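Novice: File structure-v2.txt follows (compact mmCIF, N, CA, C and O atoms):
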```txt
# COMPACT_ATOMS: atom_id res chain seq x y z
N MET L 45 0.00 -20.78 0.35
CA MET L 45 -1.14 -19.90 0.48
C MET L 45 -0.70 -18.47 0.19
O MET L 45 0.30 -18.00 0.72
N THR L 46 -1.45 -17.77 -0.64
CA THR L 46 -1.14 -16.37 -0.92
C THR L 46 -1.69 -15.48 0.20
O THR L 46 -2.58 -15.88 0.95
N ILE L 47 -1.13 -14.29 0.27
CA ILE L 47 -1.50 -13.33 1.32
C ILE L 47 -2.03 -12.08 0.65
O ILE L 47 -1.42 -11.54 -0.27
N ARG L 48 -3.16 -11.58 1.13
CA ARG L 48 -3.73 -10.33 0.63
C ARG L 48 -3.72 -9.30 1.76
O ARG L 48 -3.94 -9.63 2.92
N VAL L 49 -3.46 -8.06 1.36
CA VAL L 49 -3.36 -6.98 2.33
C VAL L 49 -4.17 -5.79 1.81
O VAL L 49 -4.13 -5.47 0.62
N VAL L 50 -4.90 -5.14 2.72
CA VAL L 50 -5.62 -3.91 2.42
C VAL L 50 -5.04 -2.84 3.35
O VAL L 50 -5.01 -3.02 4.57
N VAL L 51 -4.57 -1.76 2.75
CA VAL L 51 -3.97 -0.67 3.52
C VAL L 51 -4.79 0.59 3.28
O VAL L 51 -4.99 1.00 2.14
N SER L 52 -5.27 1.19 4.35
CA SER L 52 -6.04 2.42 4.27
C SER L 52 -5.15 3.57 4.72
O SER L 52 -4.54 3.50 5.79
N VAL L 53 -5.06 4.61 3.87
CA VAL L 53 -4.25 5.77 4.22
C VAL L 53 -5.04 7.04 3.97
O VAL L 53 -5.93 7.08 3.12
N GLU L 54 -4.70 8.06 4.72
CA GLU L 54 -5.33 9.36 4.54
C GLU L 54 -4.24 10.42 4.58
O GLU L 54 -3.33 10.36 5.42
N THR L 55 -4.35 11.39 3.67
CA THR L 55 -3.37 12.47 3.65
C THR L 55 -3.91 13.69 4.39
O THR L 55 -5.12 13.80 4.65
N LYS L 56 -3.02 14.60 4.68
CA LYS L 56 -3.43 15.88 5.23
C LYS L 56 -4.24 16.61 4.16
O LYS L 56 -4.10 16.35 2.96
N ALA L 57 -5.10 17.51 4.59
CA ALA L 57 -5.97 18.24 3.67
C ALA L 57 -5.18 18.88 2.54
O ALA L 57 -4.15 19.52 2.76
N GLY L 58 -5.66 18.63 1.33
CA GLY L 58 -5.06 19.22 0.15
C GLY L 58 -3.81 18.52 -0.37
O GLY L 58 -3.22 18.95 -1.35
N LEU L 59 -3.39 17.42 0.28
CA LEU L 59 -2.15 16.76 -0.12
C LEU L 59 -2.36 15.38 -0.74
O LEU L 59 -1.42 14.59 -0.84
N GLY L 60 -3.56 15.11 -1.20
CA GLY L 60 -3.84 13.82 -1.82
C GLY L 60 -2.97 13.53 -3.03
O GLY L 60 -2.55 12.38 -3.25
N GLU L 61 -2.68 14.54 -3.81
CA GLU L 61 -1.86 14.32 -5.01
C GLU L 61 -0.44 13.91 -4.64
O GLU L 61 0.20 13.18 -5.39
N ARG L 62 0.03 14.32 -3.49
CA ARG L 62 1.36 13.88 -3.03
C ARG L 62 1.38 12.37 -2.81
O ARG L 62 2.38 11.71 -3.10
N GLN L 63 0.27 11.82 -2.33
CA GLN L 63 0.18 10.37 -2.16
C GLN L 63 0.27 9.67 -3.52
O GLN L 63 0.97 8.68 -3.68
N VAL L 64 -0.45 10.20 -4.49
CA VAL L 64 -0.43 9.61 -5.83
C VAL L 64 0.98 9.65 -6.41
O VAL L 64 1.47 8.65 -6.96
N GLN L 65 1.65 10.77 -6.28
CA GLN L 65 3.01 10.91 -6.81
C GLN L 65 3.99 9.97 -6.11
O GLN L 65 4.83 9.34 -6.77
N ALA L 66 3.88 9.87 -4.80
CA ALA L 66 4.78 8.99 -4.04
C ALA L 66 4.54 7.53 -4.44
O ALA L 66 5.50 6.76 -4.60
N PHE L 67 3.28 7.16 -4.61
CA PHE L 67 2.97 5.79 -5.00
C PHE L 67 3.49 5.49 -6.39
O PHE L 67 3.99 4.39 -6.65
N ALA L 68 3.39 6.45 -7.29
CA ALA L 68 3.87 6.25 -8.66
C ALA L 68 5.38 5.95 -8.68
O ALA L 68 5.84 5.16 -9.51
N LYS L 69 6.13 6.53 -7.78
CA LYS L 69 7.57 6.26 -7.69
C LYS L 69 7.85 4.92 -7.00
O LYS L 69 8.78 4.20 -7.37
N LEU L 70 7.05 4.59 -6.00
CA LEU L 70 7.28 3.38 -5.21
C LEU L 70 6.78 2.11 -5.89
O LEU L 70 7.41 1.06 -5.79
N ALA L 71 5.66 2.19 -6.58
CA ALA L 71 5.02 0.99 -7.14
C ALA L 71 5.94 0.14 -8.01
O ALA L 71 5.94 -1.09 -7.85
N PRO L 72 6.72 0.70 -8.92
CA PRO L 72 7.59 -0.17 -9.74
C PRO L 72 8.61 -0.95 -8.91
O PRO L 72 8.92 -2.09 -9.23
N LEU L 73 9.09 -0.36 -7.83
CA LEU L 73 10.04 -1.04 -6.96
C LEU L 73 9.37 -2.20 -6.23
O LEU L 73 9.93 -3.29 -6.12
N VAL L 74 8.16 -1.95 -5.73
CA VAL L 74 7.44 -3.00 -5.02
C VAL L 74 7.02 -4.11 -5.97
O VAL L 74 7.19 -5.30 -5.67
N ARG L 75 6.50 -3.74 -7.12
CA ARG L 75 6.05 -4.74 -8.09
C ARG L 75 7.20 -5.62 -8.59
O ARG L 75 6.97 -6.75 -9.03
N ALA L 76 8.43 -5.12 -8.50
CA ALA L 76 9.60 -5.90 -8.90
C ALA L 76 10.09 -6.85 -7.79
O ALA L 76 10.94 -7.71 -8.04
N GLU L 77 9.54 -6.71 -6.59
CA GLU L 77 9.95 -7.57 -5.48
C GLU L 77 9.52 -9.01 -5.74
O GLU L 77 8.44 -9.27 -6.30
N SER L 78 10.35 -9.93 -5.30
CA SER L 78 10.01 -11.34 -5.40
C SER L 78 8.74 -11.63 -4.61
O SER L 78 8.63 -11.23 -3.44
N GLY L 79 7.77 -12.25 -5.24
CA GLY L 79 6.54 -12.63 -4.56
C GLY L 79 5.41 -11.63 -4.64
O GLY L 79 4.31 -11.90 -4.17
N CYS L 80 5.65 -10.45 -5.23
CA CYS L 80 4.57 -9.47 -5.36
C CYS L 80 3.69 -9.83 -6.55
O CYS L 80 4.14 -9.92 -7.68
N LEU L 81 2.42 -10.05 -6.27
CA LEU L 81 1.45 -10.38 -7.31
C LEU L 81 0.59 -9.18 -7.68
O LEU L 81 0.06 -9.11 -8.79
N ARG L 82 0.42 -8.25 -6.73
CA ARG L 82 -0.42 -7.07 -6.98
C ARG L 82 -0.04 -5.99 -5.98
O ARG L 82 0.18 -6.26 -4.79
N TYR L 83 -0.01 -4.75 -6.47
CA TYR L 83 0.25 -3.60 -5.62
C TYR L 83 -0.38 -2.39 -6.31
O TYR L 83 0.19 -1.82 -7.23
N ASP L 84 -1.58 -2.02 -5.88
CA ASP L 84 -2.36 -1.00 -6.57
C ASP L 84 -2.93 0.02 -5.59
O ASP L 84 -3.37 -0.33 -4.50
N LEU L 85 -2.96 1.27 -6.05
CA LEU L 85 -3.53 2.37 -5.27
C LEU L 85 -4.91 2.72 -5.81
O LEU L 85 -5.10 2.80 -7.02
N HIS L 86 -5.85 2.96 -4.91
CA HIS L 86 -7.21 3.37 -5.27
C HIS L 86 -7.62 4.54 -4.40
O HIS L 86 -7.39 4.53 -3.19
N ARG L 87 -8.24 5.54 -5.01
CA ARG L 87 -8.77 6.68 -4.24
C ARG L 87 -10.19 6.35 -3.82
O ARG L 87 -10.97 5.80 -4.59
N VAL L 88 -10.54 6.67 -2.59
CA VAL L 88 -11.89 6.47 -2.09
C VAL L 88 -12.82 7.47 -2.78
O VAL L 88 -12.52 8.68 -2.81
N VAL L 89 -13.90 6.99 -3.34
CA VAL L 89 -14.84 7.84 -4.06
C VAL L 89 -15.36 8.93 -3.12
O VAL L 89 -15.75 8.66 -1.97
N GLY L 90 -15.31 10.17 -3.61
CA GLY L 90 -15.83 11.30 -2.84
C GLY L 90 -14.80 11.94 -1.92
O GLY L 90 -15.14 12.86 -1.17
N SER L 91 -13.56 11.48 -1.97
CA SER L 91 -12.53 12.05 -1.10
C SER L 91 -11.24 12.23 -1.89
O SER L 91 -10.79 11.32 -2.58
N GLU L 92 -10.64 13.38 -1.75
CA GLU L 92 -9.35 13.64 -2.39
C GLU L 92 -8.18 13.16 -1.53
O GLU L 92 -7.06 13.06 -2.01
N GLU L 93 -8.45 12.87 -0.25
CA GLU L 93 -7.38 12.54 0.69
C GLU L 93 -7.39 11.11 1.19
O GLU L 93 -6.49 10.72 1.93
N LYS L 94 -8.37 10.30 0.86
CA LYS L 94 -8.44 8.93 1.37
C LYS L 94 -8.14 7.94 0.25
O LYS L 94 -8.67 8.05 -0.85
N PHE L 95 -7.28 6.94 0.59
CA PHE L 95 -6.83 5.96 -0.39
C PHE L 95 -6.83 4.56 0.23
O PHE L 95 -6.74 4.41 1.44
N VAL L 96 -6.88 3.57 -0.66
CA VAL L 96 -6.72 2.17 -0.27
C VAL L 96 -5.66 1.58 -1.18
O VAL L 96 -5.70 1.77 -2.40
N ILE L 97 -4.73 0.85 -0.59
CA ILE L 97 -3.74 0.11 -1.35
C ILE L 97 -4.10 -1.36 -1.22
O ILE L 97 -4.28 -1.87 -0.11
N LEU L 98 -4.22 -2.03 -2.37
CA LEU L 98 -4.52 -3.46 -2.39
C LEU L 98 -3.24 -4.19 -2.78
O LEU L 98 -2.63 -3.89 -3.80
N GLU L 99 -2.87 -5.16 -1.94
CA GLU L 99 -1.65 -5.93 -2.17
C GLU L 99 -1.98 -7.41 -2.21
O GLU L 99 -2.89 -7.86 -1.53
N HIS L 100 -1.20 -8.15 -2.98
CA HIS L 100 -1.35 -9.61 -3.05
C HIS L 100 0.06 -10.18 -3.15
O HIS L 100 0.82 -9.80 -4.05
N TRP L 101 0.39 -11.09 -2.24
CA TRP L 101 1.73 -11.64 -2.13
C TRP L 101 1.68 -13.16 -2.23
O TRP L 101 0.72 -13.78 -1.79
N GLU L 102 2.73 -13.76 -2.78
CA GLU L 102 2.80 -15.21 -2.93
C GLU L 102 2.86 -15.94 -1.60
O GLU L 102 2.40 -17.08 -1.51
N SER L 103 3.42 -15.29 -0.57
CA SER L 103 3.60 -15.97 0.71
C SER L 103 3.80 -14.97 1.84
O SER L 103 4.08 -13.78 1.59
N ALA L 104 3.69 -15.47 3.05
CA ALA L 104 3.95 -14.64 4.22
C ALA L 104 5.42 -14.20 4.23
O ALA L 104 5.73 -13.08 4.65
N GLU L 105 6.31 -15.04 3.73
CA GLU L 105 7.72 -14.70 3.67
C GLU L 105 7.97 -13.54 2.71
O GLU L 105 8.77 -12.64 2.99
N ALA L 106 7.28 -13.55 1.58
CA ALA L 106 7.41 -12.45 0.61
C ALA L 106 6.91 -11.15 1.22
O ALA L 106 7.53 -10.09 1.04
N LEU L 107 5.80 -11.21 1.93
CA LEU L 107 5.26 -10.00 2.58
C LEU L 107 6.22 -9.50 3.65
O LEU L 107 6.46 -8.29 3.76
N ALA L 108 6.81 -10.40 4.42
CA ALA L 108 7.76 -10.00 5.46
C ALA L 108 8.99 -9.34 4.85
O ALA L 108 9.47 -8.31 5.36
N ALA L 109 9.48 -9.88 3.75
CA ALA L 109 10.63 -9.28 3.07
C ALA L 109 10.27 -7.89 2.53
O ALA L 109 11.09 -6.96 2.60
N HIS L 110 9.06 -7.76 2.02
CA HIS L 110 8.58 -6.46 1.53
C HIS L 110 8.62 -5.41 2.64
O HIS L 110 9.08 -4.29 2.43
N ALA L 111 8.17 -5.78 3.81
CA ALA L 111 8.12 -4.84 4.93
C ALA L 111 9.52 -4.35 5.31
O ALA L 111 9.66 -3.23 5.82
N GLU L 112 10.53 -5.16 5.05
CA GLU L 112 11.90 -4.81 5.43
C GLU L 112 12.70 -4.19 4.28
O GLU L 112 13.86 -3.82 4.46
N ALA L 113 12.10 -4.08 3.11
CA ALA L 113 12.82 -3.55 1.94
C ALA L 113 13.24 -2.10 2.19
O ALA L 113 12.48 -1.31 2.75
N PRO L 114 14.45 -1.74 1.77
CA PRO L 114 14.93 -0.36 1.98
C PRO L 114 13.99 0.70 1.40
O PRO L 114 13.79 1.75 2.03
N HIS L 115 13.40 0.44 0.24
CA HIS L 115 12.51 1.44 -0.35
C HIS L 115 11.23 1.61 0.48
O HIS L 115 10.64 2.69 0.47
N MET L 116 10.84 0.59 1.22
CA MET L 116 9.66 0.74 2.09
C MET L 116 10.01 1.57 3.33
O MET L 116 9.21 2.38 3.78
N ARG L 117 11.19 1.38 3.86
CA ARG L 117 11.63 2.21 5.00
C ARG L 117 11.74 3.67 4.57
O ARG L 117 11.32 4.57 5.29
N ASP L 118 12.30 3.89 3.38
CA ASP L 118 12.42 5.26 2.86
C ASP L 118 11.04 5.89 2.65
O ASP L 118 10.82 7.06 2.98
N ALA L 119 10.11 5.11 2.10
CA ALA L 119 8.75 5.61 1.86
C ALA L 119 8.06 5.95 3.17
O ALA L 119 7.38 6.98 3.27
N ALA L 120 8.22 5.11 4.18
CA ALA L 120 7.59 5.37 5.48
C ALA L 120 8.05 6.70 6.05
O ALA L 120 7.25 7.46 6.60
N ALA L 121 9.32 7.00 5.90
CA ALA L 121 9.85 8.27 6.40
C ALA L 121 9.31 9.45 5.58
O ALA L 121 8.89 10.46 6.15
N ALA L 122 9.27 9.30 4.27
CA ALA L 122 8.80 10.39 3.39
C ALA L 122 7.30 10.63 3.54
O ALA L 122 6.84 11.77 3.44
N ASN L 123 6.53 9.56 3.78
CA ASN L 123 5.07 9.68 3.90
C ASN L 123 4.64 10.58 5.05
O ASN L 123 3.56 11.17 5.01
N LYS L 124 5.46 10.69 6.05
CA LYS L 124 5.11 11.51 7.22
C LYS L 124 4.88 12.97 6.85
O LYS L 124 4.15 13.68 7.53
N GLU L 125 5.46 13.41 5.73
CA GLU L 125 5.30 14.79 5.30
C GLU L 125 3.87 15.10 4.86
O GLU L 125 3.41 16.23 5.01
N PHE L 126 3.18 14.11 4.31
CA PHE L 126 1.84 14.38 3.76
C PHE L 126 0.73 13.50 4.33
O PHE L 126 -0.43 13.78 4.10
N ARG L 127 1.05 12.49 5.08
CA ARG L 127 0.02 11.63 5.64
C ARG L 127 -0.58 12.24 6.91
O ARG L 127 0.11 12.85 7.72
N ALA L 128 -1.88 12.03 7.08
CA ALA L 128 -2.58 12.56 8.25
C ALA L 128 -2.32 11.72 9.50
O ALA L 128 -2.54 12.17 10.61
N GLY L 129 -1.87 10.49 9.32
CA GLY L 129 -1.61 9.59 10.43
C GLY L 129 -1.08 8.28 9.89
O GLY L 129 -0.85 8.13 8.69
N PRO L 130 -0.91 7.31 10.78
CA PRO L 130 -0.37 6.02 10.32
C PRO L 130 -1.37 5.27 9.44
O PRO L 130 -2.59 5.45 9.57
N ALA L 131 -0.83 4.46 8.57
CA ALA L 131 -1.67 3.61 7.71
C ALA L 131 -2.35 2.55 8.56
O ALA L 131 -1.81 2.11 9.57
N GLN L 132 -3.54 2.16 8.15
CA GLN L 132 -4.26 1.07 8.78
C GLN L 132 -4.07 -0.16 7.89
O GLN L 132 -4.51 -0.16 6.74
N VAL L 133 -3.41 -1.19 8.41
CA VAL L 133 -3.05 -2.36 7.61
C VAL L 133 -3.87 -3.56 8.06
O VAL L 133 -3.88 -3.90 9.24
N LEU L 134 -4.55 -4.17 7.09
CA LEU L 134 -5.32 -5.39 7.36
C LEU L 134 -4.80 -6.50 6.47
O LEU L 134 -4.81 -6.38 5.24
N VAL L 135 -4.33 -7.58 7.07
CA VAL L 135 -3.97 -8.78 6.33
C VAL L 135 -5.25 -9.63 6.32
O VAL L 135 -5.80 -9.92 7.39
N ILE L 136 -5.73 -9.96 5.14
CA ILE L 136 -7.03 -10.62 5.04
C ILE L 136 -6.89 -12.02 4.45
O ILE L 136 -5.91 -12.35 3.79
N ASP L 137 -7.92 -12.82 4.69
CA ASP L 137 -7.98 -14.19 4.19
C ASP L 137 -9.38 -14.40 3.63
O ASP L 137 -10.36 -13.88 4.18
N GLY L 138 -9.45 -15.13 2.55
CA GLY L 138 -10.76 -15.39 1.94
C GLY L 138 -11.63 -16.27 2.85
O GLY L 138 -11.14 -17.07 3.62
N VAL L 139 -12.92 -16.08 2.74
CA VAL L 139 -13.89 -16.87 3.49
C VAL L 139 -14.72 -17.65 2.50
O VAL L 139 -15.31 -17.07 1.57
N ALA L 140 -14.78 -18.94 2.67
CA ALA L 140 -15.58 -19.77 1.76
C ALA L 140 -17.04 -19.62 2.10
O ALA L 140 -17.48 -19.89 3.21
N VAL L 141 -17.80 -19.12 1.15
CA VAL L 141 -19.24 -18.97 1.31
C VAL L 141 -19.91 -19.86 0.29
O VAL L 141 -19.63 -19.78 -0.90
N ARG L 142 -20.81 -20.67 0.76
CA ARG L 142 -21.50 -21.63 -0.15
C ARG L 142 -22.97 -21.36 -0.18
O ARG L 142 -23.59 -20.90 0.67
```
Any chance you could put this one into structure tokens?
Specialist:
Amino acid sequence: MTIRVVVSVETKAGLGERQVQAFAKLAPLVRAESGCLRYDLHRVVGSEEKFVILEHWESAEALAAHAEAPHMRDAAAANKEFRAGPAQVLVIDGVAVR
């Protein structure tokens, strides 16, 4: 079973571009991780400081390894400079609607 994750982040006022720049450096490292199927940043319409990261992983094990990757620990420390608060992380599962 694949795993999907939605991460909501907000930057401090006027620092939205710092989020974009940080993601541009981090994304190639994450996308190269074993089991990463998708890792994309989206800006919330109408806001320069609100973003959503959409992730898709092959397995729970791949997601767990991602969380422990050195580049993720480094990013978490660097993000504190421009983030307004902690990221809101939702691990989601599809719902069959008929």
Novice: Using all atoms listed in the file, determine which residues lie at most 8 Å from L:Glu125, disregarding the query and same-chain residues fewer than 5 positions distant; provide the list as a PyMOL selection string.
Specialist: chain L and resi 55-56+59+119-120
Novice: Can you list, as number ranges by chain, every protein, DNA or RNA residue that comes within 6 Å of L:Val133 when you count all atoms listed in the file, leaving out same-chain residues fewer than 3 positions away?
Specialist: L: 50-52
Novice: Taking the DSSP secondary structure from the backbone, can you list the residues of stretch 77-129 of chain L that are alpha helix (DSSP H), as a ChimeraX atom specification?
Specialist: /L:104-112,114-123
Novice: Have a look at atom CA of L:Glu93 and atom CA of L:Ala113 and let me know their distance in Å, one decimal.
Specialist: 25.9 Å
Novice: Report the distance between atom O of L:Leu81 and atom C of L:His100 in Å, rounded to one decimal place.
Specialist: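 Computed distance, atom O of L:Leu81 to atom C of L:His100, equals 5.7 Å.
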Novice: Using only C-alpha atoms, which of the listed residues (L:Met116, L:Val49, L:Leu134, L:Ala140) sits closest to L:Ala66?
Specialist: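 Looking at the shortest contact to L:Ala66, the residue is L:Met116.
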Novice: One decimal, Å: what's the distance from atom CA of L:Phe67 over to atom N of L:Leu85, could you say?
Specialist: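 Computing it gives 7.5 Å between the two atoms.
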Novice: Point out the residue among L:Ala71, L:His110, L:Val96, L:Ala57 with the least atom-to-atom distance to L:Gln132, counting all atoms listed in the file.
Specialist: L:Val96
Novice: Compare L:Val53, L:Cys80, L:Gly60, L:Ala108 by their minimum atom-to-atom distance to L:Phe95, counting all atoms listed in the file, and give me the closest one.
Specialist: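 Closest residue, counting all atoms listed in the file: L:Val53.
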Novice: Select from chain L everything DSSP, run on the backbone, classes as strand (DSSP E), then give the selection as a VMD selection string.
Specialist: chain L and resid 47 to 54 80 to 87 94 to 101 132 to 136
Novice: Mind checking which residues fall within 10 Å of L:Met45, counting only C-alpha atoms, ignoring those fewer than 5 positions away in the same chain, and posting them as number ranges by chain?
Specialist: L: 101-104, 137
Novice: Quick one: residues within 12 Å of L:Pro114, only C-alpha atoms, excluding same-chain residues fewer than 4 positions away - as an NGL selection string?
Specialist: :L and (70 or 73-74 or 77 or 109-110 or 118-121)
Novice: When distances are computed from all atoms listed in the file, which of L:Gln65, L:Leu107, L:Lys94, L:His115 shows the smallest separation from L:Gly79?
Specialist: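 Of L:Gln65, L:Leu107, L:Lys94, L:His115, the one nearest L:Gly79 is L:Leu107, counting all atoms listed in the file.
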Novice: Of the candidates L:Val141, L:Ile97, L:Ile136, L:Ala106, which shows the shortest atom-to-atom distance to L:Gln63, using only C-alpha atoms?
Specialist: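 Looking at the shortest contact to L:Gln63, the residue is L:Ile97.
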Novice: Of the candidates L:Pro130, L:Glu99, L:Arg62, L:Ala68, which shows the shortest atom-to-atom distance to L:Tyr83, using all atoms listed in the file?
Specialist: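 Selected residue with least distance to L:Tyr83: L:Glu99.
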